[in-house]
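J.: Sending over a structure as structure tokens; questions will come in a sec.
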Amino acid sequence: MKRRRRAGITRRSMMRSAAAAAMFGPLFQATEGSVSGQERVNKNSAPSTLKITDMRACRVAANYDYPLIRIDTNQGVYGLGEVRDAGVEGIALILKAHLLGKNPLNIEANLRTARQFANHGRMGGGYSALDMALHDIAGKVYGVPAHRLIGNKNHDRVRIYADTTSHPDPKVYAERMRKRRAMGLTFFKMDLQSSMLKDRPGALNERGVCTEKGLGYLCEYIAAIRDVLPPGAPLAADHFGRLNVNDSIRYARAFEPYQLSWAEDLLQISEGAIHPYLNWQAYKTISDATVTPVLTGEDIFGLQGGFQELLDHHAVDAIHPDIETSGGLLETKKIADYATMRGIQVAMHHAGSPIGGFAGYHCASTFGDNFLAMENHALDMPWWQDLVTGVPKPIIENGYVKVPDDRPGLGLELNDAVVKQHLRRPGYFEPTPMFDDLIVSGFHTGGAWPHYDETGKWCNCVTYE
Ligand SMILES: [Mg+2]
């Protein structure tokens, strides 16, 4: 029987189109209705021939610098990513030569290539930015929000917390916290430096660590802060100073009556260790000695060689990855799922721009019910949310961020004009030919320069003047 055909459209292809429209209709309607750069997304992209053609960067001067990257492709689709705050974009750009010509949709393969260049702290920022940009591209190509690429959305909104700068006068400090509450936050954190007590006789020992008297003063700060918060409101504390294991136990036990959500990075500095937060034995000794929840992790990269031992040994009660150091969406999802399996809570550190912010919100939306809150370090910076377009404003409303469903990838674009007003130095995503060479380039044979030829004969092809 002859197949009915009209203007090149078969009944079967019409049904396929109808099914696709039913599946993607709302998403594409939203995309078509937008006025942002998402319109540049190539909806006819051929995923199998997609290739990375460039990586460029700029750096926003903010509360901390925000190094931003853009990965371009041969089909006009591009992805945005962010290197860890106060880091430098070069840690991402050194990956460029290793990615040129690769298909960005092969996310795991590309990340495997980059892993040898990643480490803890700011050294995790390049890998993490790459992961974000790849998920931004993949989301745009497949027409799905970034969280869909790593799991199912378990939280429609992500709870936000912010730290609160300390003041030696408890009344002034409490007033600062009252302002945080007035911003609509529902989860709070206070800096609790031992050094606040330096002018109080007998409060600190010769190492600058609180005596029993000093711990009493620190507890007065917590009590003053508690007084301006709703009863039982989640309250965490950070930045205690140079504590060793025994100091940490004394501090954590003193805080027990105040039921903190966590005591953070008690071991910021520990006996010459480069990465004190990886010292799971020390953290286990502390957390086994107190019921104050113990947390660390903002400078840890990766699950393997990073969070895994802390989690395997239940050395902390909660972890605190920063998606701009921990490895981006995919690795942070693995870390959070592993923590869930071990019965450990997950919070998120963040002190970057809305680019890393939304990477974190998409990622955290897939976490289990053990997710606590994600930090925002820019509540006092009015233009933070002006850096981007495409997401509902205010980004933080009543202490939460809504995780977008209706826009592909990370779901936002840079507001070029605002970003350009705040550049650390001139240049907005300028060409980066200086990063075209591999930084681990393998074995060289042949060519115009000195080398051994295929017969093993030394060929000194050039003469240096
Ligand atoms: Mg911290």
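How things are named: the first chain in the structure tokens is A, the next is B, and so on; residues count from 1 in each chain; ligands count from 1 in the order shown.
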Quick one: residues within 10 Å of A:Gln116, only C-alpha atoms, excluding same-chain residues fewer than 3 positions away - as a PyMOL selection string?
T.: chain A and resi 111-113+119+127+440
J.: Generate the output file for the selected residues, C-alpha atoms, as a short mmCIF file (atom, residue, chain, number, x, y, z; two decimals), in the first residue's frame.
T.:
data_model
loop_
_atom_site.label_atom_id
_atom_site.label_comp_id
_atom_site.auth_asym_id
_atom_site.auth_seq_id
_atom_site.Cartn_x
_atom_site.Cartn_y
_atom_site.Cartn_z
CA LEU A 111 36.70 15.25 33.04
CA ARG A 112 39.00 12.20 33.18
CA THR A 113 41.42 14.13 30.96
CA ASN A 119 43.77 19.16 43.46
CA TYR A 127 38.20 21.03 36.78
CA VAL A 440 51.65 17.64 29.40
#
J.: I want to know what sits within 9 Å of stretch 427-430 of chain A, based on only C-alpha atoms, with residues of the same chain fewer than 2 positions away left out; could you give that as a PyMOL selection string?
T.: chain A and resi 55-59+68-70+416+419-420+423+425+432
J.: Export, as an mmCIF file, in the first residue's frame, the selected residues with C-alpha atoms.
T.:
data_model
loop_
_atom_site.group_PDB
_atom_site.id
_atom_site.type_symbol
_atom_site.label_atom_id
_atom_site.label_comp_id
_atom_site.auth_asym_id
_atom_site.auth_seq_id
_atom_site.Cartn_x
_atom_site.Cartn_y
_atom_site.Cartn_z
ATOM 1 C CA MET A 55 37.949 28.365 25.992
ATOM 2 C CA ARG A 56 38.108 31.971 27.154
ATOM 3 C CA ALA A 57 37.812 33.756 30.462
ATOM 4 C CA CYS A 58 37.333 36.975 32.365
ATOM 5 C CA ARG A 59 37.521 37.825 36.039
ATOM 6 C CA LEU A 68 34.526 32.938 34.788
ATOM 7 C CA ILE A 69 35.098 30.755 31.750
ATOM 8 C CA ARG A 70 33.242 30.168 28.505
ATOM 9 C CA ASP A 416 27.604 41.587 29.614
ATOM 10 C CA VAL A 419 30.125 42.121 34.162
ATOM 11 C CA LYS A 420 32.162 44.602 32.096
ATOM 12 C CA LEU A 423 36.265 43.401 35.571
ATOM 13 C CA ARG A 425 41.476 43.861 34.529
ATOM 14 C CA THR A 432 43.620 32.735 24.558
#
J.: Could you pull out the residues sitting within 10 Å of ligand 1, using only C-alpha atoms and all ligand atoms, and write them as a list in words?
T.: Asp163, Lys189, Asp191, Ala237, Asp238, His239, Ala263, Glu264, Asp265, Leu266, Gln268, Leu295, Thr296, Gly297, Glu298, Asp299, His320, Asp322, His349, His350, Ala351 and Glu375 of chain A
J.: For stretch 306-318 of chain A, work out the shell of residues within 6 Å, counting only C-alpha atoms and skipping chain neighbours fewer than 2 positions away, then give it as a PDB file with N, CA and C atoms, in the first residue's frame.
T.:
ATOM      1  N   TRP A 280      41.300  12.592  58.724  1.00  0.00           N
ATOM      2  CA  TRP A 280      40.057  12.001  59.241  1.00  0.00           C
ATOM      3  C   TRP A 280      40.237  11.447  60.642  1.00  0.00           C
ATOM      4  N   TYR A 283      39.752  14.355  62.946  1.00  0.00           N
ATOM      5  CA  TYR A 283      38.340  14.746  62.977  1.00  0.00           C
ATOM      6  C   TYR A 283      37.478  13.715  63.691  1.00  0.00           C
ATOM      7  N   LYS A 284      37.836  12.447  63.545  1.00  0.00           N
ATOM      8  CA  LYS A 284      37.045  11.410  64.222  1.00  0.00           C
ATOM      9  C   LYS A 284      37.220  11.517  65.734  1.00  0.00           C
ATOM     10  N   PRO A 293      27.642  18.912  66.232  1.00  0.00           N
ATOM     11  CA  PRO A 293      27.979  18.373  64.911  1.00  0.00           C
ATOM     12  C   PRO A 293      29.253  19.022  64.356  1.00  0.00           C
ATOM     13  N   VAL A 294      30.149  18.189  63.847  1.00  0.00           N
ATOM     14  CA  VAL A 294      31.440  18.639  63.330  1.00  0.00           C
ATOM     15  C   VAL A 294      31.399  18.585  61.808  1.00  0.00           C
ATOM     16  N   LEU A 295      31.854  19.651  61.159  1.00  0.00           N
ATOM     17  CA  LEU A 295      31.763  19.763  59.692  1.00  0.00           C
ATOM     18  C   LEU A 295      33.080  20.255  59.114  1.00  0.00           C
ATOM     19  N   ILE A 300      37.998  20.648  49.888  1.00  0.00           N
ATOM     20  CA  ILE A 300      38.308  19.278  49.459  1.00  0.00           C
ATOM     21  C   ILE A 300      37.859  19.070  48.020  1.00  0.00           C
ATOM     22  N   PHE A 301      38.752  18.472  47.219  1.00  0.00           N
ATOM     23  CA  PHE A 301      38.404  18.102  45.842  1.00  0.00           C
ATOM     24  C   PHE A 301      38.090  16.608  45.779  1.00  0.00           C
ATOM     25  N   GLY A 302      36.986  16.268  45.184  1.00  0.00           N
ATOM     26  CA  GLY A 302      36.712  14.897  44.793  1.00  0.00           C
ATOM     27  C   GLY A 302      36.275  13.966  45.912  1.00  0.00           C
ATOM     28  N   LEU A 303      35.683  12.836  45.461  1.00  0.00           N
ATOM     29  CA  LEU A 303      35.314  11.780  46.416  1.00  0.00           C
ATOM     30  C   LEU A 303      36.549  10.942  46.721  1.00  0.00           C
ATOM     31  N   GLN A 304      37.098  10.266  45.695  1.00  0.00           N
ATOM     32  CA  GLN A 304      38.290   9.454  45.898  1.00  0.00           C
ATOM     33  C   GLN A 304      39.476  10.367  46.205  1.00  0.00           C
ATOM     34  N   ILE A 344      25.520  10.800  56.603  1.00  0.00           N
ATOM     35  CA  ILE A 344      26.165  12.066  56.967  1.00  0.00           C
ATOM     36  C   ILE A 344      25.476  13.208  56.224  1.00  0.00           C
ATOM     37  N   GLN A 345      25.300  14.342  56.909  1.00  0.00           N
ATOM     38  CA  GLN A 345      24.579  15.462  56.310  1.00  0.00           C
ATOM     39  C   GLN A 345      25.468  16.244  55.336  1.00  0.00           C
ATOM     40  N   VAL A 346      24.801  16.972  54.436  1.00  0.00           N
ATOM     41  CA  VAL A 346      25.521  17.709  53.397  1.00  0.00           C
ATOM     42  C   VAL A 346      25.048  19.166  53.371  1.00  0.00           C
TER      43      VAL A 346
END
J.: Excluding A:Met196 and residues on its chain fewer than 2 positions from it, collect all residues at most 9 Å away from it, counting only C-alpha atoms, and give them as a list in words.
T.: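 The filter keeps Ser166, His167, Pro168, Asp169, Leu192, Gln193, Ser194, Lys198, Asp199, Arg200 and Leu218 of chain A.
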J.: For the residues in the current selection, export C-alpha atoms as a PDB file, in the first residue's frame.
T.:
ATOM      1  CA  SER A 166      31.719  39.192  63.954  1.00  0.00           C
ATOM      2  CA  HIS A 167      32.069  42.175  66.289  1.00  0.00           C
ATOM      3  CA  PRO A 168      33.668  42.151  69.767  1.00  0.00           C
ATOM      4  CA  ASP A 169      30.576  43.820  71.237  1.00  0.00           C
ATOM      5  CA  LEU A 192      33.307  33.027  66.274  1.00  0.00           C
ATOM      6  CA  GLN A 193      36.971  33.983  66.316  1.00  0.00           C
ATOM      7  CA  SER A 194      38.884  33.460  69.530  1.00  0.00           C
ATOM      8  CA  LYS A 198      42.225  39.498  72.726  1.00  0.00           C
ATOM      9  CA  ASP A 199      41.493  42.528  74.937  1.00  0.00           C
ATOM     10  CA  ARG A 200      39.720  40.565  77.639  1.00  0.00           C
ATOM     11  CA  LEU A 218      32.284  32.830  73.251  1.00  0.00           C
TER      12      LEU A 218
END
J.: Using DSSP assignments from the backbone, pull out every residue in stretch 317-432 of chain A that falls under alpha helix (DSSP H) and give it to me as a ChimeraX atom specification.
T.: /A:328-341,354-364,416-421
J.: So the first atom is atom CA of A:Leu372 and the second is atom CA of A:Val403; what is the distance between them in Å, to one decimal place?
T.: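 Distance between the two atoms: 15.5 Å.
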J.: Can you pull out the residues contacting stretch 243-252 of chain A? Cut-off 8 Å, using only C-alpha atoms, and skip same-chain residues under 2 positions away; I want them as number ranges by chain.
T.: A: 209, 215, 240-241, 254-256, 263, 266-271, 282-283, 285-287, 289-292
J.: Kindly export the residues of the current selection with C-alpha atoms, as a short mmCIF file (atom, residue, chain, number, x, y, z; two decimals), in the first residue's frame.
T.:
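So the final result, stored in part_12.cif, reads:
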data_model
loop_
_atom_site.label_atom_id
_atom_site.label_comp_id
_atom_site.auth_asym_id
_atom_site.auth_seq_id
_atom_site.Cartn_x
_atom_site.Cartn_y
_atom_site.Cartn_z
CA VAL A 209 43.24 29.72 72.27
CA LEU A 215 34.95 29.84 76.20
CA PHE A 240 37.57 29.68 65.70
CA GLY A 241 41.30 30.18 65.17
CA ALA A 254 31.31 24.20 75.47
CA PHE A 255 28.93 24.86 72.56
CA GLU A 256 26.76 21.80 73.24
CA ALA A 263 31.02 23.73 64.18
CA LEU A 266 37.74 23.32 63.87
CA LEU A 267 41.12 22.20 62.48
CA GLN A 268 41.90 25.05 60.11
CA ILE A 269 45.57 24.71 60.87
CA SER A 270 46.98 21.51 62.25
CA GLU A 271 50.57 20.78 63.07
CA ALA A 282 41.88 13.85 64.02
CA TYR A 283 38.34 14.75 62.98
CA THR A 285 38.68 11.97 67.61
CA ILE A 286 36.91 15.32 67.86
CA SER A 287 33.50 14.26 66.64
CA ALA A 289 34.08 13.37 71.92
CA THR A 290 31.16 15.77 71.43
CA VAL A 291 27.53 15.96 70.36
CA THR A 292 28.12 19.30 68.62
#
J.: Sorted by chain and rising residue number, which residues of stretch 279-367 of chain A lie within 12 Å of stretch 385-393 of chain A, and what are their closest atom pairs and distances in Å to one decimal, counting only C-alpha atoms, as CSV?
T.:
residue,atom,partner,partner_atom,distance
A:Gly352,CA,A:Gln385,CA,11.2
A:Ser353,CA,A:Leu387,CA,7.8
A:Pro354,CA,A:Gln385,CA,6.6
A:Ile355,CA,A:Val388,CA,7.9
A:Gly356,CA,A:Val388,CA,11.4
A:Gly357,CA,A:Gln385,CA,10.2
A:Phe358,CA,A:Val391,CA,9.5
J.: Those same residues - N, CA and C atoms - I'd like them written as a tab-separated table (two decimals), in the first residue's frame.
T.:
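What ended up in again_9.tsv:
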chain	number	residue	atom	x	y	z
A	352	GLY	N	31.02	32.48	45.41
A	352	GLY	CA	31.27	32.92	44.04
A	352	GLY	C	30.09	33.68	43.45
A	353	SER	N	30.04	33.69	42.11
A	353	SER	CA	29.02	34.43	41.37
A	353	SER	C	27.77	33.56	41.19
A	354	PRO	N	26.73	34.11	40.56
A	354	PRO	CA	25.54	33.29	40.28
A	354	PRO	C	25.82	32.12	39.31
A	355	ILE	N	26.93	32.17	38.55
A	355	ILE	CA	27.23	31.04	37.65
A	355	ILE	C	27.51	29.79	38.50
A	356	GLY	N	28.48	29.89	39.39
A	356	GLY	CA	28.73	28.78	40.31
A	356	GLY	C	27.55	28.55	41.23
A	357	GLY	N	26.85	29.64	41.55
A	357	GLY	CA	25.68	29.52	42.42
A	357	GLY	C	24.64	28.59	41.81
A	358	PHE	N	24.27	28.84	40.56
A	358	PHE	CA	23.23	28.00	39.95
A	358	PHE	C	23.74	26.59	39.65
J.: Enter the distance from atom CA of A:Ile225 to atom CA of A:Tyr173, in Å, rounded to one decimal.
T.: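 Distance between the two atoms: 7.4 Å.
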